[in-house]
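> Provided below: target_14.txt, containing compact mmCIF, C-alpha atoms.
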```txt
# COMPACT_ATOMS: atom_id res chain seq x y z
CA MET A 1 85.38 87.85 99.59
CA SER A 2 86.09 84.87 97.35
CA THR A 3 83.52 84.41 94.61
CA SER A 4 82.86 81.77 92.00
CA ASN A 5 84.97 83.54 89.41
CA ASP A 6 87.80 84.45 91.77
CA LEU A 7 90.98 83.45 89.92
CA TYR A 8 93.72 81.59 91.79
CA ALA A 9 96.64 83.98 92.07
CA VAL A 10 100.32 83.15 92.42
CA ALA A 11 101.96 86.35 93.58
CA ASP A 12 104.92 88.11 95.11
CA PHE A 13 105.07 91.53 96.72
CA CYS A 14 107.59 94.02 98.07
CA LEU A 15 106.23 96.66 100.45
CA ILE A 16 108.19 99.88 100.97
CA PRO A 17 107.39 102.21 103.88
CA MET A 18 108.07 105.86 102.98
CA GLY A 19 108.70 108.96 105.06
CA THR A 20 109.80 106.96 108.06
CA GLY A 21 112.91 108.98 108.91
CA GLU A 22 115.20 105.98 108.97
CA PRO A 23 116.34 103.69 106.19
CA SER A 24 115.79 100.40 108.02
CA VAL A 25 112.41 98.80 107.40
CA ALA A 26 112.85 95.35 109.00
CA GLY A 27 110.37 96.12 111.80
CA TYR A 28 107.65 96.94 109.28
CA ILE A 29 108.34 93.85 107.20
CA ALA A 30 108.21 91.67 110.32
CA GLU A 31 104.75 93.11 111.05
CA CYS A 32 103.68 92.15 107.51
CA GLN A 33 104.80 88.57 108.11
CA ARG A 34 102.55 88.45 111.21
CA ILE A 35 99.62 89.71 109.12
CA LEU A 36 100.29 87.09 106.45
CA GLU A 37 100.46 84.37 109.09
CA LYS A 38 96.97 85.36 110.25
CA SER A 39 95.67 85.34 106.66
CA GLY A 40 95.96 81.58 106.38
CA LEU A 41 97.52 81.93 102.93
CA LYS A 42 100.75 80.25 101.85
CA TYR A 43 103.61 82.77 101.95
CA LYS A 44 107.41 82.77 102.03
CA MET A 45 109.75 85.71 102.50
CA HIS A 46 112.91 86.11 100.37
CA GLY A 47 115.57 88.79 100.05
CA TYR A 48 113.47 91.29 98.06
CA GLY A 49 109.84 90.47 98.78
CA THR A 50 107.46 87.73 99.83
CA ASN A 51 105.87 84.96 97.74
CA LEU A 52 102.13 84.73 98.41
CA GLU A 53 99.34 82.75 96.77
CA GLY A 54 95.63 81.96 97.05
CA PRO A 55 92.33 83.24 95.68
CA TRP A 56 92.94 86.68 94.06
CA SER A 57 90.61 88.53 96.43
CA GLU A 58 92.30 87.04 99.49
CA VAL A 59 95.81 87.70 98.24
CA THR A 60 95.08 91.36 97.49
CA LYS A 61 93.18 91.75 100.78
CA ALA A 62 96.16 90.35 102.71
CA ILE A 63 98.46 92.91 101.09
CA HIS A 64 95.92 95.64 101.87
CA ASP A 65 95.95 94.55 105.50
CA CYS A 66 99.76 94.74 105.51
CA HIS A 67 99.39 98.39 104.42
CA LEU A 68 96.89 99.01 107.25
CA ALA A 69 99.29 97.48 109.78
CA VAL A 70 102.35 99.37 108.52
CA HIS A 71 100.43 102.65 108.58
CA ALA A 72 99.37 101.79 112.15
CA GLN A 73 103.06 101.38 113.01
CA GLY A 74 103.65 104.98 111.92
CA ALA A 75 104.59 104.93 108.23
CA PRO A 76 102.68 107.82 106.60
CA ARG A 77 103.07 106.47 103.08
CA ILE A 78 103.64 103.06 101.51
CA ALA A 79 104.54 101.97 97.97
CA THR A 80 104.21 98.30 97.12
CA ASP A 81 105.21 96.39 94.03
CA ILE A 82 103.10 93.29 93.33
CA ARG A 83 103.76 90.60 90.73
CA ILE A 84 100.64 88.52 90.26
CA GLY A 85 99.93 85.70 87.84
CA THR A 86 96.95 83.59 86.83
CA ARG A 87 96.57 80.71 84.38
CA THR A 88 93.76 78.68 82.88
CA ASP A 89 95.81 75.92 81.24
CA ARG A 90 96.32 73.94 84.42
CA GLU A 91 94.79 73.56 87.86
CA ILE A 92 97.05 74.66 90.72
CA ALA A 93 96.63 72.77 93.99
CA PRO A 94 96.25 75.44 96.69
CA GLY A 95 99.59 76.54 98.09
CA THR A 96 101.74 74.77 95.50
CA GLY A 97 102.05 77.37 92.72
CA ASN A 98 105.28 79.15 93.61
CA GLU A 99 107.09 76.02 94.84
CA ALA A 100 106.16 74.10 91.69
CA LYS A 101 107.66 76.82 89.50
CA VAL A 102 110.99 76.57 91.29
CA LYS A 103 110.94 72.75 91.11
CA ARG A 104 110.33 72.71 87.35
CA VAL A 105 113.36 74.91 86.76
CA GLU A 106 115.55 72.93 89.14
CA ASP A 107 114.52 69.67 87.43
CA ILE A 108 115.66 71.06 84.09
CA LEU A 109 118.96 72.29 85.54
CA SER A 110 119.74 68.96 87.20
CA LYS A 111 119.45 66.99 83.97
CA MET B 112 83.45 95.35 98.16
CA SER B 113 84.57 98.66 99.68
CA THR B 114 84.57 98.65 103.46
CA SER B 115 85.11 101.27 106.13
CA ASN B 116 88.81 100.50 106.30
CA ASP B 117 89.35 100.20 102.56
CA LEU B 118 92.43 102.35 101.87
CA TYR B 119 92.43 104.69 98.88
CA ALA B 120 94.92 103.29 96.39
CA VAL B 121 96.89 105.14 93.75
CA ALA B 122 98.16 102.47 91.39
CA ASP B 123 99.64 101.50 88.06
CA PHE B 124 99.69 98.11 86.37
CA CYS B 125 101.21 96.36 83.39
CA LEU B 126 99.48 93.16 82.27
CA ILE B 127 101.42 90.64 80.17
CA PRO B 128 99.61 87.83 78.32
CA MET B 129 101.78 84.71 78.07
CA GLY B 130 101.75 81.70 75.76
CA THR B 131 99.84 83.58 73.08
CA GLY B 132 101.86 82.52 70.07
CA GLU B 133 102.47 86.02 68.83
CA PRO B 134 104.45 88.84 70.39
CA SER B 135 101.86 91.59 69.84
CA VAL B 136 99.53 92.17 72.78
CA ALA B 137 97.70 95.34 71.75
CA GLY B 138 94.38 93.53 71.32
CA TYR B 139 94.51 92.22 74.87
CA ILE B 140 95.46 95.62 76.29
CA ALA B 141 92.59 97.24 74.38
CA GLU B 142 90.22 94.76 76.03
CA CYS B 143 91.62 95.78 79.44
CA GLN B 144 90.87 99.42 78.68
CA ARG B 145 87.24 98.47 77.98
CA ILE B 146 87.07 96.67 81.33
CA LEU B 147 88.53 99.67 83.13
CA GLU B 148 86.02 101.96 81.43
CA LYS B 149 83.21 99.84 82.85
CA SER B 150 84.76 99.90 86.33
CA GLY B 151 84.02 103.59 86.78
CA LEU B 152 87.51 104.15 88.18
CA LYS B 153 89.90 106.84 86.98
CA TYR B 154 92.50 105.32 84.65
CA LYS B 155 95.00 106.45 82.01
CA MET B 156 97.14 104.32 79.74
CA HIS B 157 100.80 105.16 79.09
CA GLY B 158 103.61 103.46 77.19
CA TYR B 159 104.32 100.72 79.73
CA GLY B 160 101.15 100.31 81.78
CA THR B 161 98.02 102.06 82.98
CA ASN B 162 97.53 104.44 85.90
CA LEU B 163 94.52 103.45 87.98
CA GLU B 164 93.15 104.67 91.31
CA GLY B 165 90.25 104.27 93.72
CA PRO B 166 89.36 102.23 96.80
CA TRP B 167 91.90 99.38 97.14
CA SER B 168 89.29 96.62 96.77
CA GLU B 169 87.87 98.18 93.59
CA VAL B 170 91.29 98.75 92.04
CA THR B 171 92.41 95.17 92.64
CA LYS B 172 89.02 93.83 91.49
CA ALA B 173 89.29 95.80 88.24
CA ILE B 174 92.70 94.28 87.55
CA HIS B 175 91.29 90.83 88.36
CA ASP B 176 88.52 91.43 85.85
CA CYS B 177 91.12 92.40 83.23
CA HIS B 178 92.71 88.97 83.82
CA LEU B 179 89.31 87.29 83.39
CA ALA B 180 88.73 89.15 80.12
CA VAL B 181 92.20 88.43 78.72
CA HIS B 182 91.86 84.74 79.59
CA ALA B 183 88.47 84.81 77.82
CA GLN B 184 90.26 86.19 74.75
CA GLY B 185 92.47 83.12 74.71
CA ALA B 186 95.59 83.88 76.74
CA PRO B 187 96.29 80.78 78.86
CA ARG B 188 98.54 82.60 81.31
CA ILE B 189 98.96 86.19 82.47
CA ALA B 190 101.63 87.93 84.56
CA THR B 191 100.87 91.41 85.85
CA ASP B 192 103.06 93.90 87.65
CA ILE B 193 101.19 96.28 89.96
CA ARG B 194 102.58 99.33 91.72
CA ILE B 195 100.19 100.43 94.45
CA GLY B 196 100.50 103.18 97.03
CA THR B 197 98.55 104.41 100.05
CA ARG B 198 99.09 107.30 102.43
CA THR B 199 97.61 108.55 105.67
CA ASP B 200 99.26 111.99 105.82
CA ARG B 201 96.85 113.60 103.40
CA GLU B 202 93.38 113.08 101.99
CA ILE B 203 93.29 112.37 98.25
CA ALA B 204 90.22 113.63 96.39
CA PRO B 205 88.93 110.65 94.36
CA GLY B 206 90.56 110.45 90.94
CA THR B 207 93.22 113.10 91.58
CA GLY B 208 96.11 111.10 93.05
CA ASN B 209 98.19 110.27 90.01
CA GLU B 210 97.62 113.62 88.29
CA ALA B 211 98.56 115.53 91.43
CA LYS B 212 101.87 113.69 91.66
CA VAL B 213 102.80 114.72 88.12
CA LYS B 214 101.75 118.32 88.75
CA ARG B 215 103.86 118.66 91.91
CA VAL B 216 106.97 117.55 90.01
CA GLU B 217 106.20 119.81 87.04
CA ASP B 218 105.69 122.77 89.37
CA ILE B 219 109.16 122.23 90.85
CA LEU B 220 110.75 121.87 87.40
CA SER B 221 109.12 125.05 86.08
CA LYS B 222 110.54 127.24 88.87
CA MET C 223 128.73 101.80 77.04
CA SER C 224 126.65 100.65 74.09
CA THR C 225 128.06 97.59 72.35
CA SER C 226 127.19 95.68 69.24
CA ASN C 227 124.89 93.32 71.11
CA ASP C 228 123.28 95.99 73.27
CA LEU C 229 119.54 95.32 72.99
CA TYR C 230 117.16 98.24 72.47
CA ALA C 231 115.14 98.59 75.67
CA VAL C 232 111.68 100.04 76.10
CA ALA C 233 111.33 100.68 79.82
CA ASP C 234 109.52 102.37 82.67
CA PHE C 235 110.73 103.00 86.20
CA CYS C 236 109.45 104.21 89.54
CA LEU C 237 112.09 105.39 92.01
CA ILE C 238 111.24 105.50 95.72
CA PRO C 239 113.47 107.39 98.17
CA MET C 240 113.46 105.75 101.63
CA GLY C 241 114.29 107.00 105.10
CA THR C 242 113.70 110.61 104.12
CA GLY C 243 111.66 111.70 107.12
CA GLU C 244 108.82 113.11 105.07
CA PRO C 245 106.36 111.37 102.78
CA SER C 246 106.60 113.81 99.87
CA VAL C 247 109.12 112.83 97.21
CA ALA C 248 108.38 115.35 94.43
CA GLY C 249 111.72 117.14 94.88
CA TYR C 250 113.62 113.90 94.34
CA ILE C 251 111.58 112.96 91.30
CA ALA C 252 112.14 116.41 89.80
CA GLU C 253 115.89 115.84 90.19
CA CYS C 254 115.53 112.55 88.31
CA GLN C 255 113.80 114.33 85.44
CA ARG C 256 116.81 116.69 85.19
CA ILE C 257 119.16 113.69 85.06
CA LEU C 258 117.07 112.06 82.34
CA GLU C 259 117.07 115.29 80.34
CA LYS C 260 120.87 115.24 80.39
CA SER C 261 120.95 111.58 79.30
CA GLY C 262 119.64 112.41 75.83
CA LEU C 263 117.23 109.47 76.02
CA LYS C 264 113.52 109.70 75.26
CA TYR C 265 111.54 109.84 78.53
CA LYS C 266 108.08 110.85 79.73
CA MET C 267 106.80 111.08 83.29
CA HIS C 268 103.35 109.77 84.24
CA GLY C 269 101.48 109.40 87.53
CA TYR C 270 103.38 106.38 88.83
CA GLY C 271 106.74 106.37 87.06
CA THR C 272 108.57 107.49 83.95
CA ASN C 273 108.71 105.89 80.50
CA LEU C 274 112.28 105.65 79.25
CA GLU C 275 113.85 103.97 76.23
CA GLY C 276 117.13 103.52 74.39
CA PRO C 277 120.05 101.08 74.30
CA TRP C 278 119.84 98.81 77.39
CA SER C 279 123.17 99.96 78.83
CA GLU C 280 122.22 103.64 78.51
CA VAL C 281 118.76 103.15 80.00
CA THR C 282 120.11 101.30 83.04
CA LYS C 283 122.97 103.79 83.42
CA ALA C 284 120.49 106.70 83.40
CA ILE C 285 118.50 105.08 86.21
CA HIS C 286 121.75 104.45 88.11
CA ASP C 287 122.59 108.14 87.76
CA CYS C 288 119.15 109.03 89.13
CA HIS C 289 120.05 106.96 92.21
CA LEU C 290 123.37 108.82 92.53
CA ALA C 291 121.58 112.17 92.32
CA VAL C 292 118.84 111.25 94.80
CA HIS C 293 121.44 109.96 97.27
CA ALA C 294 123.31 113.26 96.80
CA GLN C 295 120.09 115.06 97.73
CA GLY C 296 120.09 113.24 101.06
CA ALA C 297 118.07 110.05 100.63
CA PRO C 298 120.03 107.29 102.43
CA ARG C 299 118.23 104.46 100.66
CA ILE C 300 116.37 104.04 97.36
CA ALA C 301 114.18 101.25 95.99
CA THR C 302 113.31 101.35 92.29
CA ASP C 303 110.95 99.24 90.26
CA ILE C 304 111.91 98.88 86.59
CA ARG C 305 109.83 97.33 83.81
CA ILE C 306 112.04 96.68 80.80
CA GLY C 307 111.23 95.00 77.52
CA THR C 308 113.13 93.88 74.43
CA ARG C 309 112.01 92.27 71.18
CA THR C 310 113.63 90.72 68.15
CA ASP C 311 110.55 90.41 65.91
CA ARG C 312 110.59 94.02 64.80
CA GLU C 313 112.99 96.96 64.61
CA ILE C 314 112.07 99.88 66.87
CA ALA C 315 113.01 103.33 65.59
CA PRO C 316 114.86 105.06 68.45
CA GLY C 317 112.50 106.91 70.78
CA THR C 318 109.28 105.50 69.31
CA GLY C 319 108.75 102.29 71.31
CA ASN C 320 106.52 103.44 74.15
CA GLU C 321 104.47 105.84 72.01
CA ALA C 322 103.87 103.19 69.37
CA LYS C 323 102.48 100.79 71.97
CA VAL C 324 99.90 103.37 73.10
CA LYS C 325 98.97 104.18 69.50
CA ARG C 326 98.35 100.54 68.57
CA VAL C 327 95.93 100.15 71.48
CA GLU C 328 94.18 103.43 70.74
CA ASP C 329 93.78 102.45 67.08
CA ILE C 330 92.02 99.25 68.11
CA LEU C 331 89.76 101.09 70.56
CA SER C 332 88.76 103.71 68.00
CA LYS C 333 87.53 101.15 65.47
CA MET D 334 131.95 98.08 83.15
CA SER D 335 132.21 98.85 86.87
CA THR D 336 133.40 102.38 87.59
CA SER D 337 134.40 104.24 90.69
CA ASN D 338 130.88 105.54 91.23
CA ASP D 339 129.11 102.28 90.43
CA LEU D 340 126.62 101.82 93.27
CA TYR D 341 126.26 98.41 94.90
CA ALA D 342 122.84 97.08 93.92
CA VAL D 343 120.66 94.60 95.77
CA ALA D 344 118.10 93.43 93.25
CA ASP D 345 115.46 90.94 92.19
CA PHE D 346 114.06 90.29 88.74
CA CYS D 347 111.31 88.34 87.04
CA LEU D 348 111.75 87.71 83.31
CA ILE D 349 108.70 86.90 81.18
CA PRO D 350 109.10 85.46 77.66
CA MET D 351 106.25 86.58 75.37
CA GLY D 352 104.84 85.22 72.14
CA THR D 353 106.22 81.76 72.80
CA GLY D 354 103.09 79.83 71.92
CA GLU D 355 103.02 77.87 75.13
CA PRO D 356 102.40 79.02 78.69
CA SER D 357 105.29 77.13 80.31
CA VAL D 358 108.48 79.15 80.67
CA ALA D 359 110.63 76.89 82.87
CA GLY D 360 113.11 76.14 80.06
CA TYR D 361 113.77 79.84 79.54
CA ILE D 362 114.18 80.49 83.25
CA ALA D 363 116.61 77.57 83.53
CA GLU D 364 118.71 79.20 80.77
CA CYS D 365 118.73 82.45 82.79
CA GLN D 366 120.07 80.58 85.82
CA ARG D 367 122.95 79.30 83.66
CA ILE D 368 123.71 82.86 82.53
CA LEU D 369 123.67 84.09 86.12
CA GLU D 370 126.00 81.29 87.17
CA LYS D 371 128.50 82.48 84.56
CA SER D 372 128.18 86.10 85.75
CA GLY D 373 129.91 85.36 89.03
CA LEU D 374 127.28 87.37 90.90
CA LYS D 375 125.38 86.12 93.94
CA TYR D 376 121.87 85.00 92.91
CA LYS D 377 119.06 82.85 94.26
CA MET D 378 115.85 81.81 92.52
CA HIS D 379 112.50 81.88 94.35
CA GLY D 380 108.91 81.27 93.29
CA TYR D 381 108.38 84.54 91.42
CA GLY D 382 111.82 85.77 90.42
CA THR D 383 115.50 85.66 91.28
CA ASN D 384 117.46 87.63 93.89
CA LEU D 385 120.63 89.09 92.41
CA GLU D 386 123.21 91.53 93.73
CA GLY D 387 126.54 93.17 92.89
CA PRO D 388 127.80 96.36 91.27
CA TRP D 389 124.89 98.07 89.46
CA SER D 390 126.47 97.81 86.02
CA GLU D 391 127.17 94.10 86.44
CA VAL D 392 123.69 93.33 87.76
CA THR D 393 121.96 95.11 84.88
CA LYS D 394 124.39 93.57 82.36
CA ALA D 395 123.62 90.08 83.68
CA ILE D 396 119.89 90.66 83.21
CA HIS D 397 120.58 92.00 79.70
CA ASP D 398 122.50 88.82 78.94
CA CYS D 399 119.53 86.76 80.16
CA HIS D 400 117.41 88.62 77.58
CA LEU D 401 119.98 87.83 74.88
CA ALA D 402 119.95 84.14 75.82
CA VAL D 403 116.15 83.88 75.99
CA HIS D 404 115.82 85.57 72.60
CA ALA D 405 118.39 83.08 71.28
CA GLN D 406 116.15 80.29 72.56
CA GLY D 407 113.34 81.59 70.39
CA ALA D 408 111.32 84.06 72.44
CA PRO D 409 110.56 87.02 70.15
CA ARG D 410 109.71 89.38 73.02
CA ILE D 411 110.57 89.62 76.70
CA ALA D 412 109.21 91.76 79.53
CA THR D 413 111.16 91.86 82.77
CA ASP D 414 110.31 93.41 86.12
CA ILE D 415 113.35 94.48 88.16
CA ARG D 416 113.37 95.66 91.77
CA ILE D 417 116.69 97.31 92.54
CA GLY D 418 117.88 99.06 95.67
CA THR D 419 120.92 101.07 96.75
CA ARG D 420 121.89 102.65 100.06
CA THR D 421 124.57 104.98 101.37
CA ASP D 422 123.93 104.61 105.10
CA ARG D 423 125.80 101.33 105.41
CA GLU D 424 128.42 99.30 103.60
CA ILE D 425 127.16 95.98 102.21
CA ALA D 426 129.71 93.16 102.09
CA PRO D 427 129.52 91.74 98.54
CA GLY D 428 126.90 89.01 98.23
CA THR D 429 125.33 89.55 101.65
CA GLY D 430 122.64 92.17 100.95
CA ASN D 431 119.57 90.07 100.27
CA GLU D 432 120.38 87.43 102.91
CA ALA D 433 120.98 90.08 105.56
CA LYS D 434 117.55 91.60 104.92
CA VAL D 435 115.84 88.26 105.53
CA LYS D 436 117.90 87.63 108.67
CA ARG D 437 117.01 90.99 110.23
CA VAL D 438 113.30 90.29 109.81
CA GLU D 439 113.63 86.73 111.12
CA ASP D 440 115.55 88.00 114.16
CA ILE D 441 112.71 90.37 115.00
CA LEU D 442 110.08 87.66 114.54
CA SER D 443 111.95 85.18 116.75
CA LYS D 444 112.06 87.53 119.74
```
Output the structure of this file as structure tokens.

Amino acid sequence: MSTSNDLYAVADFCLIPMGTGEPSVAGYIAECQRILEKSGLKYKMHGYGTNLEGPWSEVTKAIHDCHLAVHAQGAPRIATDIRIGTRTDREIAPGTGNEAKVKRVEDILSK
Amino acid sequence: MSTSNDLYAVADFCLIPMGTGEPSVAGYIAECQRILEKSGLKYKMHGYGTNLEGPWSEVTKAIHDCHLAVHAQGAPRIATDIRIGTRTDREIAPGTGNEAKVKRVEDILSK
Amino acid sequence: MSTSNDLYAVADFCLIPMGTGEPSVAGYIAECQRILEKSGLKYKMHGYGTNLEGPWSEVTKAIHDCHLAVHAQGAPRIATDIRIGTRTDREIAPGTGNEAKVKRVEDILSK
Amino acid sequence: MSTSNDLYAVADFCLIPMGTGEPSVAGYIAECQRILEKSGLKYKMHGYGTNLEGPWSEVTKAIHDCHLAVHAQGAPRIATDIRIGTRTDREIAPGTGNEAKVKRVEDILSK
């Protein structure tokens, strides 16, 4: 679905299955990681979400497909929080946006 | 971009222009409201974001187009927080999802 | 818990009960509204969260007390998304921060 | 400020300086990492935020103190997104909440 004016998006999302009857959600989150792997996008799980980046339409479609998969696993409702950023002041080489942000901070701290 | 498996999304987003040189962002948010008006989707601004709902692909495209417009106004970087929910246990009549949630809570409180 | 350097916080939060066995959460959100009413802080529910503002320590304590109350109602796990803002360029009269942001945007749109 | 009913909070936050005149924010985020180091809480930066956990009052106070420090560095306005979770179904050993969540998902994926 990428188009000529599709902004490059550096994102992070936290998906929360609701109405599942049990507090543990690790099985649902594992299924999301499988969906992201198939998406071809750069992603990396952390303790409270997953970093994800790529063309805006592909990033939001990948999260949509995580919802589809988690519903298919039995969750009747899902609430997701997405942080998504774009910028026009510099070009981001595909797949390097989130890592580069961490590196810039670490470089400052190591001085 | 809606497809047969495009989930209906009830959402809310808060767009933050960065690197703008002045703390006020009302002009950028006003521009977003104009973009949302053109989208044809149901939306409603509140004190810390804007409720928005419709097919997932249209909701995320509308937010993308807000980024495009705010970049065009001069903001070199934008960070947006999106809350987005889907459910398969009930059908949501288009445009009624966010309002219905408020009404259900108010009905309980008024008892 | 307010102290001399307690920043004034304009906030919004969306609380999600997890592991509840049913997708509807209106009863839990109604309980949160009762807790907020007791807090004495300015708050206003919308379709995907609740605007809330006051001294930072009181705002975050009120959300904590919503968690306590929702756990007491039986939810074994809760995930909340909070948007919280502070500023030093202008003084915010208590209780006016979120409303003023909406008004500034509406004033621009009505021109 | 911890009290007997202070819930243990597993959290993540993304702090956004506004009105800074330049899109890069790495210097501000580095300052936040120094504040977190002084807090004594367990934290870990990733590409779009920082995992943080501990007693609720200490977690929210640490984020408040990041705001204070970033204002002191010259940012006139700050908008932060916080994800914060609590649970009563299991005891979380201090500092292990976010790591344990990642491990449970990785264990499922490695089967």
> Report the distance between CA of Phe124 in chain B and CA of Arg198 in chain B in Å, rounded to one decimal place.
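If I compute the distance from CA of Phe124 in chain B to CA of Arg198 in chain B, I get 18.5 Å.
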> Could you tell me how far CA of Ala62 in chain A sits from CA of Thr88 in chain A, in Å to one decimal place?
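Interatomic distance here is 23.1 Å.
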> Hey, can you check how far CA of Glu217 in chain B sits from CA of Gly269 in chain C?
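Those two atoms sit 11.4 Å apart.
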> Write out as a PDB file with C-alpha atoms, keeping the file's coordinate frame every residue belonging to chain A that has an atom at most 9 Å from any atom of chain C, counting only C-alpha atoms.

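The file below, result04.pdb, is the result:
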```
ATOM      1  CA  ILE A  16     108.190  99.880 100.970  1.00  0.00           C
ATOM      2  CA  PRO A  17     107.390 102.210 103.880  1.00  0.00           C
ATOM      3  CA  MET A  18     108.070 105.860 102.980  1.00  0.00           C
ATOM      4  CA  GLY A  19     108.700 108.960 105.060  1.00  0.00           C
ATOM      5  CA  THR A  20     109.800 106.960 108.060  1.00  0.00           C
ATOM      6  CA  GLY A  21     112.910 108.980 108.910  1.00  0.00           C
ATOM      7  CA  GLU A  22     115.200 105.980 108.970  1.00  0.00           C
ATOM      8  CA  PRO A  23     116.340 103.690 106.190  1.00  0.00           C
ATOM      9  CA  SER A  24     115.790 100.400 108.020  1.00  0.00           C
ATOM     10  CA  VAL A  25     112.410  98.800 107.400  1.00  0.00           C
ATOM     11  CA  ALA A  75     104.590 104.930 108.230  1.00  0.00           C
ATOM     12  CA  PRO A  76     102.680 107.820 106.600  1.00  0.00           C
ATOM     13  CA  ARG A  77     103.070 106.470 103.080  1.00  0.00           C
ATOM     14  CA  ILE A  78     103.640 103.060 101.510  1.00  0.00           C
ATOM     15  CA  ALA A  79     104.540 101.970  97.970  1.00  0.00           C
ATOM     16  CA  ASP A  81     105.210  96.390  94.030  1.00  0.00           C
TER      17      ASP A  81
END
```
> Find, counting all atoms listed in the file, the residue in B:Ala204, B:Ile219, B:Cys177, B:Ala122 that gets nearest to His268 in chain C.
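Among the listed residues, B:Ala122 lies closest to His268 in chain C.
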> Near Leu340 in chain D, counting all atoms listed in the file, which residues have an atom at most 8 Å away, once you skip same-chain residues fewer than 4 positions from it, shown as a count of residues only?
5
> Can you tell me which residues surround Asp234 in chain C at a distance of at most 7 Å, considering only C-alpha atoms, apart from same-chain residues fewer than 2 positions away, and format the answer as a tab-separated table (two decimals) with C-alpha atoms, keeping the file's coordinate frame?

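Saved to part.tsv:
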```
chain	number	residue	atom	x	y	z
B	159	TYR	CA	104.32	100.72	79.73
C	271	GLY	CA	106.74	106.37	87.06
C	272	THR	CA	108.57	107.49	83.95
C	273	ASN	CA	108.71	105.89	80.50
C	274	LEU	CA	112.28	105.65	79.25
C	304	ILE	CA	111.91	98.88	86.59
C	305	ARG	CA	109.83	97.33	83.81
C	306	ILE	CA	112.04	96.68	80.80
```
> Which residues come within 10 Å of Ile314 in chain C, counting all atoms listed in the file, excluding same-chain residues fewer than 4 positions away, as JSON, numbers by chain?
{"C": [230, 231, 232, 276, 308, 309, 310, 318, 319, 320, 322]}
> Give the answer as one residue: which of B:Thr171, B:Val181, B:Lys214, B:Leu126 has the shortest atom-to-atom distance to Met156 in chain B, using all atoms listed in the file?
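That would be B:Leu126, the residue with the smallest distance to Met156 in chain B.
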> Using only C-alpha atoms, determine which residues lie at most 9 Å from Leu36 in chain A, disregarding the query and same-chain residues fewer than 4 positions distant; provide the list as a ChimeraX atom specification.
/A:31-32,40-43,52,62-63,65-66
> Could the residues in this selection be saved with C-alpha atoms as a PDB file, in the coordinates of the input?

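Result saved to again-v7.pdb:
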```
ATOM      1  CA  GLU A  31     104.750  93.110 111.050  1.00  0.00           C
ATOM      2  CA  CYS A  32     103.680  92.150 107.510  1.00  0.00           C
ATOM      3  CA  GLY A  40      95.960  81.580 106.380  1.00  0.00           C
ATOM      4  CA  LEU A  41      97.520  81.930 102.930  1.00  0.00           C
ATOM      5  CA  LYS A  42     100.750  80.250 101.850  1.00  0.00           C
ATOM      6  CA  TYR A  43     103.610  82.770 101.950  1.00  0.00           C
ATOM      7  CA  LEU A  52     102.130  84.730  98.410  1.00  0.00           C
ATOM      8  CA  ALA A  62      96.160  90.350 102.710  1.00  0.00           C
ATOM      9  CA  ILE A  63      98.460  92.910 101.090  1.00  0.00           C
ATOM     10  CA  ASP A  65      95.950  94.550 105.500  1.00  0.00           C
ATOM     11  CA  CYS A  66      99.760  94.740 105.510  1.00  0.00           C
TER      12      CYS A  66
END
```
> Show which residues sit within 9 Å of Arg326 in chain C, as a compact mmCIF listing (two decimals) with C-alpha atoms, keeping the file's coordinate frame. Count all atoms listed in the file, and ignore same-chain residues fewer than 6 positions away.

```txt
# COMPACT_ATOMS: atom_id res chain seq x y z
CA ALA B 137 97.70 95.34 71.75
CA GLY B 138 94.38 93.53 71.32
CA ALA B 141 92.59 97.24 74.38
```
> From the options C:Ile251, C:Glu259, C:Gln295, C:Glu275, which residue's atoms come nearest to Glu321 in chain C, counting all atoms listed in the file?
C:Glu275
> Please give the centre and size of the box around range 375-392 of chain D (axis-aligned, containing every atom listed in the file, 4 Å added per side), with values in Å to one decimal and written as lines of an AutoDock Vina configuration file.

```
center_x = 118.1
center_y = 89.7
center_z = 90.2
size_x = 27.4
size_y = 24.8
size_z = 16.3
```
